[in-house]
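Here is the structure we will look at, set down as structure tokens.
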Amino acid sequence: MEILLKNCPNGCNSTLQPSKIIVAEGELNECPACGQLLSSCSKSHYEKSNQDWNSEEGTWPAKKDYVRLVKRRKKDIDHIAKILSKDYSDIRILDVGCSNGSFVFIANNLGLQAEGVDPSEKAVNDGIKRGLKLHLGLLNEVGFDDNSFDAITLHEVIEHVSNPIALLNECARILRPNGILLIGSGNTDSWTRRIRKNKWDFFDMNHHGGHISFFSPKSLKHLALKTDFSVVKVITHSVKFYEKDELPRILYRTIKLFAEILNLPARLFNKGHQMEVYLRVNKS
């Protein structure tokens with residue numbers, strides 16, 4: 001079996017090394033220069049697993065999760081607006097990997113000019129039926145004009161990408177000068193990942209179809225250096241030690257409470273399970 005990722009996708013020249021982290025697809029490889037962790041899956045397995053997202057249900061949240069998602073996405077938008085020094089109504093934003101458009105819907109309701117793009121035909125068609133401005137295809141296939149957007153979001157997308165340098169270069173092209181790119185993903189340098197080891201949920205390709213490349217704030221900074229971006233803000237949050245079904249209820253709740261106490265120090269030291277990294281495009 002020929003593996004998909006033979007070199008560090010962040011442009012490092014170092015030879016990949018075994019990480020001693022064993023997941024369903026085999027041992028993860030690690031870049032000694034930037035710390036990137038990489039799946040050893042084959043191209044065919046990767047392409048097959050990505051098809052899991054091609055459904056009308058997409059990533060639209062259940063009613064019980066919607067309020068929490070709105071709160072989280074509003075924080076993202078607040079940070080973008082503050083960095084841009086713009087009002088919501090002056091921001092044209094593109095969500096890459098939008099599925100059926102939940103972020104586009106939220107951003108529009110907040111007053112932004114929001115669009116989305118995704119290669120999943122069933123999901124995009126569902127979003128279009130909801131009245132959202134979604135584009136079908138990969139970002140480089142849609143052919144947006146230069147300097148089209150003030151901001152671009154990649155919410156849990158970059159871990160699916162085999163060539164992130166090409167993706168960021170395309171984002172840089174269609175962003176306006178000083179535009180902002182938000183990358184949201186799991187943090188391999190988190191306390192959660194180090195405690196959970198190979199059980200860290202971002203490593204679960206069966207549950208998260210297509211996850212092949214795993215980032216930290218450090219490795220994203222390496223990626224930015226190979227593109228036209230610079231990192232302007234890093235936020236990490238949340239700590240999780242166990243899943244609900246792994247412990248008796250009382251013990252799980254006790255450990256969860258302890259994990260919540262650690263949320264603040266995790267945020268202060270960039271050790272949170274989730275991360276949002278804000279990058280500014282460097283062009284005039």
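Residue names in the structure tokens use chain letters A, B, ... in the order shown, residue numbers from 1 in each chain, and ligand numbers from 1 in the order shown.
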
**Prompt:** Which neighbours of A:Glu121 fall inside 12 Å, counting only C-alpha atoms, when residues of the same chain fewer than 3 positions from it are skipped, and could you give them as a PyMOL selection string?
**Reply:** chain A and resi 51-58+97-100+117-118+124-128+134-138

Please produce a file of those selected residues containing C-alpha atoms, as a JSON list (two decimals), in the first residue's frame.
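What ended up in out_39.json:
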```json
[["chain", "number", "residue", "atom", "x", "y", "z"],
["A", 51, "GLN", "CA", -17.47, 10.68, 0.67],
["A", 52, "ASP", "CA", -18.97, 10.42, 4.16],
["A", 53, "TRP", "CA", -19.73, 14.16, 4.00],
["A", 54, "ASN", "CA", -21.78, 13.99, 0.78],
["A", 55, "SER", "CA", -25.25, 13.94, 2.31],
["A", 56, "GLU", "CA", -28.23, 16.26, 2.53],
["A", 57, "GLU", "CA", -27.94, 16.27, 6.32],
["A", 58, "GLY", "CA", -24.44, 17.74, 5.98],
["A", 97, "GLY", "CA", -15.93, 23.47, 3.36],
["A", 98, "CYS", "CA", -19.35, 24.90, 4.18],
["A", 99, "SER", "CA", -21.30, 21.62, 3.81],
["A", 100, "ASN", "CA", -24.97, 22.70, 3.67],
["A", 117, "VAL", "CA", -18.12, 26.57, -1.11],
["A", 118, "ASP", "CA", -18.00, 22.78, -0.79],
["A", 124, "VAL", "CA", -24.63, 22.12, -1.24],
["A", 125, "ASN", "CA", -27.96, 21.52, -2.97],
["A", 126, "ASP", "CA", -29.65, 21.30, 0.42],
["A", 127, "GLY", "CA", -28.13, 24.64, 1.43],
["A", 128, "ILE", "CA", -29.21, 26.27, -1.83],
["A", 134, "LEU", "CA", -23.33, 28.27, -1.90],
["A", 135, "HIS", "CA", -20.94, 27.20, -4.65],
["A", 136, "LEU", "CA", -20.31, 23.57, -5.63],
["A", 137, "GLY", "CA", -16.73, 22.39, -6.03],
["A", 138, "LEU", "CA", -13.26, 22.74, -4.55]]
```

**Message:** I need the residues of stretch 138-254 of chain A that end up classed as strand (DSSP E) by DSSP on the backbone, written out as an MDAnalysis selection string.
**Reply:** chainID A and resid 149:155 175:186 213:214 229:237

Suppose we keep N, CA and C atoms; can you now write the selection as an mmCIF file, in the first residue's frame?
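As written to disk, selection_26.cif reads:
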```cif
data_model
loop_
_atom_site.group_PDB
_atom_site.id
_atom_site.type_symbol
_atom_site.label_atom_id
_atom_site.label_comp_id
_atom_site.auth_asym_id
_atom_site.auth_seq_id
_atom_site.Cartn_x
_atom_site.Cartn_y
_atom_site.Cartn_z
ATOM 1 N N PHE A 149 -12.881 38.796 -1.128
ATOM 2 C CA PHE A 149 -13.417 38.640 0.222
ATOM 3 C C PHE A 149 -12.556 39.349 1.265
ATOM 4 N N ASP A 150 -13.227 39.789 2.323
ATOM 5 C CA ASP A 150 -12.523 40.357 3.478
ATOM 6 C C ASP A 150 -12.026 39.261 4.413
ATOM 7 N N ALA A 151 -12.728 38.143 4.437
ATOM 8 C CA ALA A 151 -12.381 37.061 5.367
ATOM 9 C C ALA A 151 -12.786 35.721 4.774
ATOM 10 N N ILE A 152 -12.047 34.701 5.157
ATOM 11 C CA ILE A 152 -12.334 33.313 4.765
ATOM 12 C C ILE A 152 -12.242 32.458 6.021
ATOM 13 N N THR A 153 -13.149 31.509 6.157
ATOM 14 C CA THR A 153 -13.107 30.581 7.287
ATOM 15 C C THR A 153 -12.902 29.151 6.807
ATOM 16 N N LEU A 154 -12.092 28.422 7.542
ATOM 17 C CA LEU A 154 -11.874 26.987 7.339
ATOM 18 C C LEU A 154 -12.172 26.312 8.665
ATOM 19 N N HIS A 155 -13.420 25.935 8.870
ATOM 20 C CA HIS A 155 -13.815 25.287 10.119
ATOM 21 C C HIS A 155 -13.680 23.774 9.972
ATOM 22 N N LEU A 175 -8.484 36.848 -1.192
ATOM 23 C CA LEU A 175 -8.659 37.775 -0.083
ATOM 24 C C LEU A 175 -8.217 39.175 -0.490
ATOM 25 N N ARG A 176 -8.886 40.176 0.047
ATOM 26 C CA ARG A 176 -8.476 41.554 -0.139
ATOM 27 C C ARG A 176 -7.226 41.834 0.702
ATOM 28 N N PRO A 177 -6.463 42.889 0.368
ATOM 29 C CA PRO A 177 -5.282 43.218 1.171
ATOM 30 C C PRO A 177 -5.617 43.315 2.661
ATOM 31 N N ASN A 178 -4.785 42.683 3.482
ATOM 32 C CA ASN A 178 -4.962 42.608 4.944
ATOM 33 C C ASN A 178 -6.180 41.771 5.347
ATOM 34 N N GLY A 179 -6.707 40.973 4.413
ATOM 35 C CA GLY A 179 -7.822 40.094 4.736
ATOM 36 C C GLY A 179 -7.424 39.016 5.738
ATOM 37 N N ILE A 180 -8.437 38.422 6.354
ATOM 38 C CA ILE A 180 -8.222 37.463 7.444
ATOM 39 C C ILE A 180 -8.679 36.060 7.055
ATOM 40 N N LEU A 181 -7.838 35.093 7.360
ATOM 41 C CA LEU A 181 -8.160 33.675 7.209
ATOM 42 C C LEU A 181 -8.236 33.062 8.601
ATOM 43 N N LEU A 182 -9.384 32.473 8.921
ATOM 44 C CA LEU A 182 -9.553 31.769 10.193
ATOM 45 C C LEU A 182 -9.484 30.270 9.945
ATOM 46 N N ILE A 183 -8.558 29.615 10.630
ATOM 47 C CA ILE A 183 -8.433 28.159 10.559
ATOM 48 C C ILE A 183 -8.825 27.572 11.907
ATOM 49 N N GLY A 184 -9.867 26.756 11.919
ATOM 50 C CA GLY A 184 -10.294 26.067 13.126
ATOM 51 C C GLY A 184 -10.025 24.581 13.002
ATOM 52 N N SER A 185 -9.356 24.006 13.993
ATOM 53 C CA SER A 185 -9.017 22.580 13.923
ATOM 54 C C SER A 185 -8.699 22.073 15.319
ATOM 55 N N GLY A 186 -8.384 20.795 15.421
ATOM 56 C CA GLY A 186 -7.918 20.240 16.677
ATOM 57 C C GLY A 186 -6.462 20.608 16.915
ATOM 58 N N SER A 213 -4.247 15.011 8.400
ATOM 59 C CA SER A 213 -3.151 15.911 8.738
ATOM 60 C C SER A 213 -3.522 16.697 9.987
ATOM 61 N N PHE A 214 -2.658 16.659 11.003
ATOM 62 C CA PHE A 214 -3.040 17.137 12.325
ATOM 63 C C PHE A 214 -2.079 18.237 12.788
ATOM 64 N N PHE A 229 0.874 34.501 4.369
ATOM 65 C CA PHE A 229 0.145 34.805 5.593
ATOM 66 C C PHE A 229 1.082 34.968 6.784
ATOM 67 N N SER A 230 0.586 35.673 7.772
ATOM 68 C CA SER A 230 1.252 35.730 9.070
ATOM 69 C C SER A 230 0.193 35.528 10.144
ATOM 70 N N VAL A 231 0.563 34.844 11.222
ATOM 71 C CA VAL A 231 -0.365 34.558 12.311
ATOM 72 C C VAL A 231 -0.518 35.803 13.177
ATOM 73 N N VAL A 232 -1.767 36.206 13.420
ATOM 74 C CA VAL A 232 -2.012 37.391 14.250
ATOM 75 C C VAL A 232 -2.685 37.045 15.578
ATOM 76 N N LYS A 233 -3.313 35.887 15.666
ATOM 77 C CA LYS A 233 -3.991 35.529 16.918
ATOM 78 C C LYS A 233 -4.194 34.016 16.978
ATOM 79 N N VAL A 234 -3.952 33.431 18.148
ATOM 80 C CA VAL A 234 -4.198 32.003 18.388
ATOM 81 C C VAL A 234 -5.062 31.867 19.629
ATOM 82 N N ILE A 235 -6.147 31.122 19.504
ATOM 83 C CA ILE A 235 -7.020 30.842 20.645
ATOM 84 C C ILE A 235 -7.216 29.335 20.728
ATOM 85 N N THR A 236 -6.966 28.753 21.907
ATOM 86 C CA THR A 236 -7.297 27.348 22.117
ATOM 87 C C THR A 236 -8.226 27.244 23.323
ATOM 88 N N HIS A 237 -9.032 26.188 23.356
ATOM 89 C CA HIS A 237 -9.998 26.064 24.445
ATOM 90 C C HIS A 237 -10.449 24.619 24.597
#
```

**Message:** Could you go through stretch 7-104 of chain A and tell me which residues DSSP, when run on the backbone, assigns to alpha helix (DSSP H), listing them as JSON, numbers by chain?
**Reply:** {"A": [43, 44, 45, 46, 47, 48, 49, 50, 63, 64, 65, 66, 67, 68, 69, 70, 71, 72, 73, 74, 75, 76, 77, 78, 79, 80, 81, 82, 83, 84, 102, 103, 104]}

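In this comparison, which uses only C-alpha atoms, the residue of A:Ser190, A:Ser219, A:Ser85, A:Ser39 approaching A:Gly272 most closely is A:Ser190.
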
**Prompt:** If you measure from atom CA of A:Lys122 to atom CA of A:Asn108, what distance in Å do you get, rounded to one decimal?
**Reply:** 21.5 Å

**Request:** Within 12 Å of A:Gln36, counting only C-alpha atoms, which residues show up once you throw out same-chain ones fewer than 4 positions away? Write them as a PyMOL selection string, please.
**Result:** chain A and resi 5+7-12+14-19+28-32+159+186-189+212-223

**Asked** If we count only C-alpha atoms, what is near stretch 63-73 of chain A at a cut-off of 9 Å, once residues fewer than 2 positions away on the same chain are taken out, given as a PyMOL selection string?
**Response** chain A and resi 60-61+75-78+103+106-107

**Asked** At what distance in Å, to one decimal, does atom CA of A:Ala266 lie from atom CA of A:Thr254?
**Response**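 Result for atom CA of A:Thr254 versus atom CA of A:Ala266: 18.4 Å, one decimal.
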
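Atom pair atom CA of A:Gly131 / atom CA of A:Gly101: separated by 9.8 Å.
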
**Message:** Set the distance at 12 Å and use only C-alpha atoms: which residues neighbour A:Trp200 once local chain neighbours fewer than 4 positions away are removed? I'd like the list as an NGL selection string.
**Reply:** :A and (21-23 or 186-196 or 204-205 or 207-208 or 214 or 239-243 or 273-274)
